[in-house]
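> Can you keep this structure in mind? I'll have questions shortly.
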Amino acid sequence: MTNDITRREALQRAAWLLGGTLSAPTILGVLAGCGEKPATVAWTPRTLTPDQRVMVVAIAEVIIPTTDTPGAREAHVDEFVDAMLTDHLPAKDRERFLAGLKRLDARARRAHSRGFNELTTAQQSALVSDMDRLAFAEPPQTKEAAGGAEASPRVKESDVAAGQGVGANPKEAATPAPDAADIGPESFFRMMKEFAVVGYYTSEVGSTRELRVNPFVRYRDIPYKPGTPAWA
Amino acid sequence: MLIQRREEYDAIVVGSGISGGWAAKELCEKGLRTLVLERGRNVEHQKDYPTEHVPNWQFPLRQRRIPPESPQARDYQVQARTGQFVEAGVHFFVKDTDHPYLEDKPFTWIQGDQVGGRSLIWGRQTYRWSDLDFRANLRDGHGVDWPIRYKDIEPWYSYVERHAGVSGEKLGLAHLPDGEFQPPMELNAGEKWVKAGIERAFPGRHVTIGRVAVLTKAIGDRQPCHFCGPCYRGCSTGSYFSSQSSTLPAAQKTGKLTLRPHSLAHSVLYDETRNRAVGIRFFDTTTGEAHEVYARVIFLCASTLGTTRLLLNSKSAHFPDGLGNSSGVVGHYLMDHHFIVGASGDVPGLLDHYYEGNRPNGYYIPRFRNLAASDSDKLKFVRGYGYQGGAGREGWGHGVGEPGIGVELKRRLHDAGPWSTRMTAFGECLPRKENRAWLDAEKTDKWGIPLLRIDCSWGPNELAMREDMRAQAEAMLKSAGCGNVEGWDGNKPGELGAEPGLGIHEMGTARMGRDPNTSALNANNQLHDVPNVFVTDGACMTSSGCQNPSITYMALTARAADFAVRELQRRNL
C-alpha cells in the first residue's frame, strides 16, 4: 500500500464506505468537484476532419436530439466516434464509415445544391430520416455477378419499403436514388446510428441526466414505475 | 550470464495465482521460508487497480470489448478472443507477443502475467465436487481413476472456503455438496420467476443463486461486496477472493515470504543421486540474467499449461522427456469445459419490478444429467453439465438495431424494457490422450525456452452433450413460460467460436492417479517420480467435472502443503 494516494482515490474509496447512502452519480459529482479533470477538455480529432466532425455531430443530434435533457451534441458523441474510428475499427470499416459520410454529403448536394453541414436543421433531419429508413429496409436483390462489380448498383427509391411516417419528406420525389451501400444491415448509417446511440447513452450526460447510474448498494428487488429512467 | 548465489529457501512456489497463493500461505504459516517466483509484474493490492470505480464514460471506447480485429488488440491476438477482454481490463492479460504458443487446432490460452495471476480476473463461481465427479472415470472407464474421494478433500474444502469466503444457498444435494456459505446474494424478480417455472416443470432440477467467492459478510479487514459490478478491475475492499486480497497477505504476515516478480521459471533443477529436485532455474526478465535458487520442496502452480511446459523443459539424463514424466502422460489429457451453448427467452410481465445494485453473479442450475448410472442408457453421452445464467430488464441497447430516430427514439429508450433471461451451459470434457501439449522441436521464445504446441479439440461425447445442453435450455425456458425462446451453439468445428481453452478451465496435463505408469501425480499431488515436487494447479486434474474448478485447486493445494510439511518433518523429502 502507499501513502500518496490522490484525493480522487481517497474519495473513490470513501464512496463505498458511504455505500448505499450516496448514489454513484452523486459520488461522481463529488469527484468532478475535485478538479481532477474538467468535464470538457479540448481534444483534437485524430481521424475526422473538421468538416466531418461537424457533420457527425449534426447527424448524431438528429438521431438523439436535445429535449428536456441533453442530446448527442452535449454528450460529445464526436469524440467517441473519432476514438472508435481511430482505435477500434479495422481499416475497412473505418473506410466504409468515411465513404458513407461522403455519400451523404453528395446526397445533400444533389438534393439541395449545398453540403450537409450547410443545410437547415429541418433539411438535415429529413435526410437523416431517409438514411434511417433505407438502413432498415431490405437490402436490394443484387445479382452476385461474377467478377467484382465495384460500382454499387443503384436502386430506385420506390424499391425501398416506405418509411413509418417519421420525418416524412415532401421532397422525397426530388431526392436522387440511393446507393445500395446505404441500404440494409451493412449500411453506413447502421454504423452511424450505433455510434450515436452507444456514444450518447454511455456518455456522462446520457448516463446521469437522461438515464441513471445503478448505485453501489446491496443488490435487491425494487418496485418500478413507468417513466422512471432505466439504469445506464 | 548465470548468477549462482547459494540462495536457499525451505520451499519454492512457482506462480502466484489461485494455487500459488494458497501454497505460499500454507507453507509460510507452517513455518517454511518460502520463495514465490512470478514471471509477471507486481500488482499491489488496492494501489494497482487503476480502472476500479472509474465510470465507463471515462474510457475513450466506453469500456468496450476489444475483438482481435481491433487495432488495440494487435499484441493480444489470443487474449482478445474472450469476451472478458475489455477496455478496462487489458492490463491484467498477457501480451501474446511476449508469451506466444503454437496451436495445431484452435486452442485459446488465456493467461495472466502478474502477481495474482488470473485470481484477479477469475469468474469467482465456486462449486464443490462430489463423488459423482471423483468416481466418474472409474464408472464409465474414460481416463484413470482419481486416487482420492470426496471424504479426502471435504475438510479441505471447508478450510479454504472459510478463508476465501463463499456466499451461496445450501441445497442439500449429494452431487453438489453444500459448503461453508456466507448468506447468499439475491435473485431478482425475473430470476425468481424463471426458478419457479423450471422447478415446477422439472421436479429434481434446481435454480439457485450462484455460489461465489464474493463476501456478503466481512472477513477480517476484507469488506462485504459493495456491488459496484466489475470485479475484474480489482477490488480494493478485498471483497472477492484473489491472491492479493486473501492468501498473499496471510503469507506476508508470517515474515517467511519472499515474493519475486519478473522471475520466469526455466526449469526444475534435479539431483539424480538423491532423486530430488534441488531448485529452480529462472530468468530475471528485467535484467535478462539467469538465476538458480534452491529449496527442499517445490510447488509448481504456474497454471496448467505453464506447469506442463516447465516440467517438459526440465530435462535430464534421468528424465529425457521432462521431470516426473517417466509415465509419458505429461502434456496429455488436456481438458477444458465446453460452453457458449444455451438459450434465451423473454420473461412476460413483472413490469412493476426492477433491481438496484450491480450484482457480480447470476443463477446456477446444477447438473441433472447422468446422476444415476442408469441414465446413461437413455442419453447419447456420459457425464453432465450445469448452467449459469441471469435475467434482467432490457436497456437502451435495442435502439441500435431498430428503425426510428429523434424524440420518438429517445422516449422509447428511456424506460426499463421488458424482462428476458439467458443461460449458458458448462459441460464436462472427457480426458483423451490425443488432446495434448508438447514442446515444439524448433521454435523458442526470447528466453530460448521451446514454445508449447497444443493440439486439442472436442470429441464425440462433448458434441453429443452440446445438443442436449441446447435442447434442455430451450425446453426449460419454454416450460417455464418464456416467449421467443431461442437456443444457440457457438461451436464451429475447426474454427474459433467455442473452441477449447475459451472456458479458461484448462486442466489435466499432469494428472493424479493411483498407478505411476499412467499418471504423473499421486493422491497427495506429489510427483510419483520425484517426491519433493508437488503440482497443485489445474494440471493435476484427473477428470474435469462440470463445476468451475478453482475451489478444488485451492483445497488440493492446502491439502498437499499440509502433507508436504509433515513429510519434511519426517525427513521423507
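For the C-alpha cells, the naming scheme is as follows: chains receive sequential letters (A, B, ...) according to their order of presentation, residues are indexed from 1 within each chain, and ligands are indexed from 1 in presentation order.
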Using only C-alpha atoms, which residues of chain A come within 7 Å of chain B, and what is the closest atom pair for each, with the distance in Å to one decimal? Give it as a Markdown table, sorted by chain and residue number.

| residue | atom | partner | partner_atom | distance |
| --- | --- | --- | --- | --- |
| A:Met1 | CA | B:Lys47 | CA | 6.1 |
| A:Thr2 | CA | B:Lys47 | CA | 6.9 |
| A:Gln12 | CA | B:His53 | CA | 6.9 |
| A:Trp16 | CA | B:His226 | CA | 6.2 |
| A:Gly19 | CA | B:His226 | CA | 6.7 |
| A:Val62 | CA | B:Gly406 | CA | 5.8 |
| A:Ile63 | CA | B:Ile405 | CA | 4.7 |
| A:Ile64 | CA | B:Gly406 | CA | 5.3 |
| A:Pro65 | CA | B:Gly406 | CA | 5.8 |
| A:Phe80 | CA | B:Pro60 | CA | 6.4 |
| A:Ala83 | CA | B:Pro60 | CA | 6.2 |
| A:Met84 | CA | B:Leu61 | CA | 6.4 |
| A:Asp87 | CA | B:Pro71 | CA | 5.8 |
| A:His88 | CA | B:Ser70 | CA | 4.8 |
| A:Leu89 | CA | B:Ser70 | CA | 5.6 |
| A:Pro90 | CA | B:Ser70 | CA | 5.7 |
| A:Asp132 | CA | B:Pro403 | CA | 6.4 |
| A:Arg133 | CA | B:Pro403 | CA | 6.8 |
| A:Phe136 | CA | B:Pro403 | CA | 5.9 |
| A:Val166 | CA | B:Gly404 | CA | 6.9 |
| A:Lys193 | CA | B:Val400 | CA | 6.4 |
| A:Glu194 | CA | B:Val400 | CA | 5.1 |
| A:Val197 | CA | B:Val400 | CA | 6.4 |
| A:Thr202 | CA | B:Trp57 | CA | 5.8 |
| A:Ser203 | CA | B:Trp57 | CA | 5.0 |
| A:Glu204 | CA | B:Trp57 | CA | 5.7 |
| A:Leu211 | CA | B:His414 | CA | 6.8 |
| A:Asn214 | CA | B:Gly357 | CA | 5.9 |
| A:Pro215 | CA | B:Gly357 | CA | 5.5 |
| A:Phe216 | CA | B:Cys228 | CA | 4.9 |
| A:Val217 | CA | B:Gly357 | CA | 4.7 |
| A:Arg218 | CA | B:Gly357 | CA | 5.6 |
| A:Tyr219 | CA | B:Gly357 | CA | 4.3 |
| A:Arg220 | CA | B:Tyr355 | CA | 5.5 |
| A:Asp221 | CA | B:Tyr355 | CA | 4.4 |
| A:Ile222 | CA | B:Tyr355 | CA | 5.1 |
| A:Pro223 | CA | B:His353 | CA | 4.7 |
| A:Tyr224 | CA | B:Asp352 | CA | 4.6 |
| A:Lys225 | CA | B:Asp352 | CA | 6.1 |
| A:Pro226 | CA | B:Asp415 | CA | 6.6 |
| A:Gly227 | CA | B:Asp415 | CA | 5.9 |
| A:Thr228 | CA | B:Asp415 | CA | 5.9 |
| A:Pro229 | CA | B:Asp415 | CA | 4.9 |
| A:Ala230 | CA | B:Ala416 | CA | 4.4 |
> Show me, as a list of chain:residue names, the residues that have an atom within 10 Å of Ile219 (chain B) when counting only C-alpha atoms, minus same-chain residues fewer than 2 positions from it.
B:Arg162, B:His163, B:Ala164, B:Gly165, B:Leu215, B:Thr216, B:Lys217, B:Asp221, B:Arg222, B:Gln223, B:Pro224, B:Gly238, B:Ser239, B:Ser246
> So which bits of region 280-434 of chain B end up alpha helix (DSSP H) when you DSSP the backbone, as a list of chain:residue names?
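Checking each residue of region 280-434 of chain B, the alpha helix (DSSP H) ones are B:Thr304, B:Leu305, B:Gly306, B:Thr307, B:Thr308, B:Arg309, B:Leu310, B:Leu311, B:Leu312, B:Asn313, B:Val407, B:Glu408, B:Leu409, B:Lys410, B:Arg411, B:Arg412.
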> Taking N, CA and C atoms for each residue, export the selection above as a PDB file, in the first residue's frame.

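Produced file out_7.pdb, reproduced below:
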ATOM      1  N   THR B 304      -2.030 -24.641 -15.491  1.00  0.00           N
ATOM      2  CA  THR B 304      -1.977 -25.968 -16.110  1.00  0.00           C
ATOM      3  C   THR B 304      -0.902 -26.062 -17.193  1.00  0.00           C
ATOM      4  N   LEU B 305      -0.974 -25.178 -18.164  1.00  0.00           N
ATOM      5  CA  LEU B 305      -0.059 -25.290 -19.298  1.00  0.00           C
ATOM      6  C   LEU B 305       1.312 -24.722 -18.975  1.00  0.00           C
ATOM      7  N   GLY B 306       1.369 -23.734 -18.089  1.00  0.00           N
ATOM      8  CA  GLY B 306       2.662 -23.194 -17.656  1.00  0.00           C
ATOM      9  C   GLY B 306       3.459 -24.251 -16.914  1.00  0.00           C
ATOM     10  N   THR B 307       2.813 -24.942 -16.004  1.00  0.00           N
ATOM     11  CA  THR B 307       3.468 -26.011 -15.251  1.00  0.00           C
ATOM     12  C   THR B 307       3.887 -27.149 -16.181  1.00  0.00           C
ATOM     13  N   THR B 308       3.029 -27.467 -17.126  1.00  0.00           N
ATOM     14  CA  THR B 308       3.332 -28.541 -18.079  1.00  0.00           C
ATOM     15  C   THR B 308       4.592 -28.210 -18.874  1.00  0.00           C
ATOM     16  N   ARG B 309       4.658 -26.979 -19.333  1.00  0.00           N
ATOM     17  CA  ARG B 309       5.819 -26.562 -20.120  1.00  0.00           C
ATOM     18  C   ARG B 309       7.095 -26.629 -19.268  1.00  0.00           C
ATOM     19  N   LEU B 310       6.954 -26.222 -18.017  1.00  0.00           N
ATOM     20  CA  LEU B 310       8.108 -26.229 -17.117  1.00  0.00           C
ATOM     21  C   LEU B 310       8.592 -27.660 -16.860  1.00  0.00           C
ATOM     22  N   LEU B 311       7.668 -28.570 -16.624  1.00  0.00           N
ATOM     23  CA  LEU B 311       8.060 -29.972 -16.408  1.00  0.00           C
ATOM     24  C   LEU B 311       8.749 -30.528 -17.660  1.00  0.00           C
ATOM     25  N   LEU B 312       8.131 -30.262 -18.821  1.00  0.00           N
ATOM     26  CA  LEU B 312       8.680 -30.825 -20.058  1.00  0.00           C
ATOM     27  C   LEU B 312      10.050 -30.243 -20.380  1.00  0.00           C
ATOM     28  N   ASN B 313      10.260 -28.992 -19.952  1.00  0.00           N
ATOM     29  CA  ASN B 313      11.544 -28.345 -20.241  1.00  0.00           C
ATOM     30  C   ASN B 313      12.616 -28.709 -19.211  1.00  0.00           C
ATOM     31  N   VAL B 407     -36.884  12.340 -31.230  1.00  0.00           N
ATOM     32  CA  VAL B 407     -37.553  12.378 -29.927  1.00  0.00           C
ATOM     33  C   VAL B 407     -38.228  11.032 -29.629  1.00  0.00           C
ATOM     34  N   GLU B 408     -38.809  10.452 -30.671  1.00  0.00           N
ATOM     35  CA  GLU B 408     -39.500   9.171 -30.500  1.00  0.00           C
ATOM     36  C   GLU B 408     -38.523   8.088 -30.042  1.00  0.00           C
ATOM     37  N   LEU B 409     -37.346   8.038 -30.640  1.00  0.00           N
ATOM     38  CA  LEU B 409     -36.329   7.044 -30.259  1.00  0.00           C
ATOM     39  C   LEU B 409     -35.888   7.271 -28.818  1.00  0.00           C
ATOM     40  N   LYS B 410     -35.644   8.511 -28.500  1.00  0.00           N
ATOM     41  CA  LYS B 410     -35.169   8.846 -27.152  1.00  0.00           C
ATOM     42  C   LYS B 410     -36.204   8.435 -26.104  1.00  0.00           C
ATOM     43  N   ARG B 411     -37.469   8.675 -26.419  1.00  0.00           N
ATOM     44  CA  ARG B 411     -38.533   8.298 -25.492  1.00  0.00           C
ATOM     45  C   ARG B 411     -38.575   6.765 -25.349  1.00  0.00           C
ATOM     46  N   ARG B 412     -38.427   6.086 -26.472  1.00  0.00           N
ATOM     47  CA  ARG B 412     -38.507   4.622 -26.486  1.00  0.00           C
ATOM     48  C   ARG B 412     -37.392   3.980 -25.652  1.00  0.00           C
TER      49      ARG B 412
END
> Tell me, as a VMD selection string, which residues lie within 12 Å of Ile209 (chain B), counting only C-alpha atoms; anything in the same chain fewer than 3 positions away does not count.
chain B and resid 125 to 127 167 to 171 183 to 188 191 to 192 194 to 195 206 212 359 to 366 387 to 391
> Which residues come within 8 Å of region 511-527 of chain B, counting only C-alpha atoms, excluding same-chain residues fewer than 2 positions away, as JSON, numbers by chain?
{"B": [144, 145, 146, 147, 148, 324, 325, 326, 327, 328, 329, 330, 508, 509, 529, 530, 531, 532, 533, 534, 535, 536, 539, 540, 541, 542, 556, 559, 560, 563]}
> What lies within 10 Å of region 297-299 of chain B using only C-alpha atoms, ignoring chain neighbours under 3 positions off, as a VMD selection string?
chain B and resid 9 to 15 19 to 20 23 to 24 27 32 34 to 36 268 276 to 280 294 302 307 525 to 526 531 to 537 557 560 to 561 564 to 565 568 573
> Report as a PyMOL selection string: the residues of region 353-463 of chain B with a DSSP assignment of strand (DSSP E), based on the backbone of this structure.
chain B and resi 353-356+363-365+385-393+419-427+436-444+450-455
> Please determine, counting only C-alpha atoms, which residue among B:Leu439, B:Ala201, B:Ala372, B:Val90 has the shortest atom-to-atom distance to Lys315 (chain B).
B:Leu439
> Just want the 10 Å neighbourhood of Glu79 (chain A), counted on only C-alpha atoms, with same-chain residues fewer than 4 positions away dropped. Output as a list in words.
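Listed by chain and then number, they are Trp43, Thr44, Pro45, Arg46, Leu48, Arg53, Val56, Val57, Ala75, Ala83, Met84, Leu85 and Gly199 of chain A; Pro60 and Leu61 of chain B.
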> Restricting the calculation to only C-alpha atoms, which member of B:Gly538, B:Gly234, B:Pro348, B:Gly40 is positioned closest to Ser16 (chain B)?
B:Gly40
> Would you compute the distance between CA of Pro70 (chain A) and CA of Tyr200 (chain A)? Give it in Å to one decimal.
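Computed distance, CA of Pro70 (chain A) to CA of Tyr200 (chain A), equals 9.5 Å.
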> For region 457-466 of chain B, list every protein, DNA or RNA residue within 8 Å, evaluated using only C-alpha atoms, and leave out those in the same chain fewer than 5 positions away; present the list as a CSV table (one decimal) with N, CA and C atoms, in the first residue's frame.

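Below is the file that was written, part17.csv:
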chain,number,residue,atom,x,y,z
B,105,LYS,N,-4.8,-26.9,-33.7
B,105,LYS,CA,-6.2,-26.5,-33.9
B,105,LYS,C,-6.5,-25.4,-33.0
B,106,PRO,N,-7.6,-24.7,-33.2
B,106,PRO,CA,-7.8,-23.5,-32.3
B,106,PRO,C,-7.9,-24.0,-30.9
B,107,PHE,N,-7.0,-23.4,-30.1
B,107,PHE,CA,-7.0,-23.6,-28.6
B,107,PHE,C,-6.6,-22.2,-28.0
B,338,HIS,N,-16.6,-27.1,-22.0
B,338,HIS,CA,-17.1,-26.6,-23.2
B,338,HIS,C,-18.4,-25.8,-22.9
B,341,VAL,N,-23.1,-22.4,-25.3
B,341,VAL,CA,-24.3,-23.1,-25.8
B,341,VAL,C,-25.4,-23.0,-24.8
B,380,LYS,N,-27.1,-39.9,-25.1
B,380,LYS,CA,-26.1,-40.3,-26.1
B,380,LYS,C,-24.7,-39.9,-25.6
B,381,PHE,N,-24.6,-39.5,-24.3
B,381,PHE,CA,-23.3,-39.1,-23.8
B,381,PHE,C,-23.2,-39.5,-22.3
B,382,VAL,N,-21.9,-39.5,-21.8
B,382,VAL,CA,-21.7,-39.7,-20.4
B,382,VAL,C,-21.4,-38.3,-19.8
B,384,GLY,N,-21.9,-34.8,-17.5
B,384,GLY,CA,-23.1,-33.9,-17.4
B,384,GLY,C,-22.6,-32.4,-17.5
B,427,GLY,N,-20.0,-27.7,-19.7
B,427,GLY,CA,-20.1,-29.2,-19.8
B,427,GLY,C,-18.7,-29.8,-19.5
B,428,GLU,N,-18.9,-31.0,-18.9
B,428,GLU,CA,-17.7,-31.8,-18.6
B,428,GLU,C,-17.0,-32.3,-19.9
B,429,CYS,N,-15.7,-32.4,-19.9
B,429,CYS,CA,-14.9,-32.8,-21.1
B,429,CYS,C,-14.2,-34.1,-20.7
B,430,LEU,N,-14.2,-35.0,-21.6
B,430,LEU,CA,-13.5,-36.3,-21.2
B,430,LEU,C,-12.0,-36.2,-21.4
B,435,ASN,N,-5.6,-35.2,-26.9
B,435,ASN,CA,-5.6,-33.7,-26.6
B,435,ASN,C,-4.4,-33.4,-25.8
B,489,ASP,N,-25.7,-22.3,-30.3
B,489,ASP,CA,-24.4,-23.0,-30.0
B,489,ASP,C,-23.3,-22.4,-30.8
B,494,GLY,N,-13.2,-26.8,-35.8
B,494,GLY,CA,-12.0,-26.3,-36.5
B,494,GLY,C,-11.9,-24.8,-36.6
B,499,GLU,N,-14.2,-22.8,-29.0
B,499,GLU,CA,-13.0,-23.7,-29.1
B,499,GLU,C,-12.5,-24.0,-27.7
B,500,PRO,N,-11.8,-25.1,-27.5
B,500,PRO,CA,-11.2,-25.5,-26.3
B,500,PRO,C,-10.3,-24.3,-25.8
